[in-house]
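Asker: Have a look at this one.
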Amino acid sequence: MEPMTAKLIETRRKILSRIKRDLITRLSLNYTEEDLHEDISLLGSGLGLDSLDALEVILGVEHEFGIKVEEGNIGFLRSINTMADYLLGKGVKAESNDTSEALP
């Protein structure tokens with residue numbers, strides 16, 4: 001595997017873990033990271049989050065990853081994977097305090 005591909009895979013893995021930890025903590029979910037599949041639906045069926053939960057998740061994403069989510073953009077909340085895709089597209093870092101992991 002090429003080093004750049006391996007780095008992108010590791011970055012995504014770390015971002016997925018951060019998302020899961022934040023969801024569990026912020027929403028007081030009775031799950032572990034391993035319990036949350038990356039493709040689980042967040043809104044409606046799946047985790048069954050409501051609109052207030054969605055707002056809390058958006059605020060959490062902004063705080064945890066240091067980005068601003070565009071107003072009205074809730075499409076990235078379809079699943080943990082779509083959240084990771086959105087964050088990777090924004091160029092977030094794998095670690096909140098690691099400045100060497102920025103994506104190219």
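Chain labels run A, B, ... following the order of the structure tokens; each chain numbers its residues from 1, and ligands are numbered from 1 in the order shown.
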Using DSSP assignments from the backbone, pull out every residue in chain A that falls under alpha helix (DSSP H) and give it to me as number ranges by chain.

Answerer: A: 3-26, 51-65, 80-89

Asker: Neighbours of Ile15 (chain A) within 9 Å (only C-alpha atoms; same-chain residues fewer than 2 positions away dropped), as an mmCIF file with C-alpha atoms, in the first residue's frame?

Answerer:
data_model
loop_
_atom_site.group_PDB
_atom_site.id
_atom_site.type_symbol
_atom_site.label_atom_id
_atom_site.label_comp_id
_atom_site.auth_asym_id
_atom_site.auth_seq_id
_atom_site.Cartn_x
_atom_site.Cartn_y
_atom_site.Cartn_z
ATOM 1 C CA GLU A 10 -5.350 6.006 9.325
ATOM 2 C CA THR A 11 -6.604 9.605 9.352
ATOM 3 C CA ARG A 12 -10.126 8.415 8.524
ATOM 4 C CA ARG A 13 -9.966 5.752 11.243
ATOM 5 C CA SER A 17 -13.163 7.231 16.449
ATOM 6 C CA ARG A 18 -13.364 10.908 17.451
ATOM 7 C CA ILE A 19 -16.867 11.183 15.994
ATOM 8 C CA LYS A 20 -18.042 8.091 17.873
ATOM 9 C CA ALA A 84 -16.326 11.539 8.314
ATOM 10 C CA LEU A 87 -14.927 16.405 7.799
ATOM 11 C CA LEU A 88 -12.265 14.955 5.517
ATOM 12 C CA VAL A 92 -9.732 18.363 9.426
ATOM 13 C CA LYS A 93 -6.840 16.847 11.345
ATOM 14 C CA ALA A 94 -6.840 13.324 12.722
ATOM 15 C CA GLU A 95 -5.977 14.509 16.227
#

Asker: Write out as JSON, numbers by chain the residues lying within 7 Å of Arg78 (chain A), counting only C-alpha atoms and excluding same-chain residues fewer than 4 positions away.

Answerer: {"A": [41, 42, 43, 82]}

Asker: Report, in Å with one decimal, the straight-line distance from CA of Pro3 (chain A) to CA of Tyr86 (chain A).

Answerer: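 Result for CA of Pro3 (chain A) versus CA of Tyr86 (chain A): 22.7 Å, one decimal.
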
Asker: Any idea what's packed within 12 Å of Asp53 (chain A), counting only C-alpha atoms, ignoring anything in its chain fewer than 6 positions away? Could you give it as number ranges by chain?

Answerer: A: 23-24, 26-29, 42-44, 47, 59-60, 74, 77
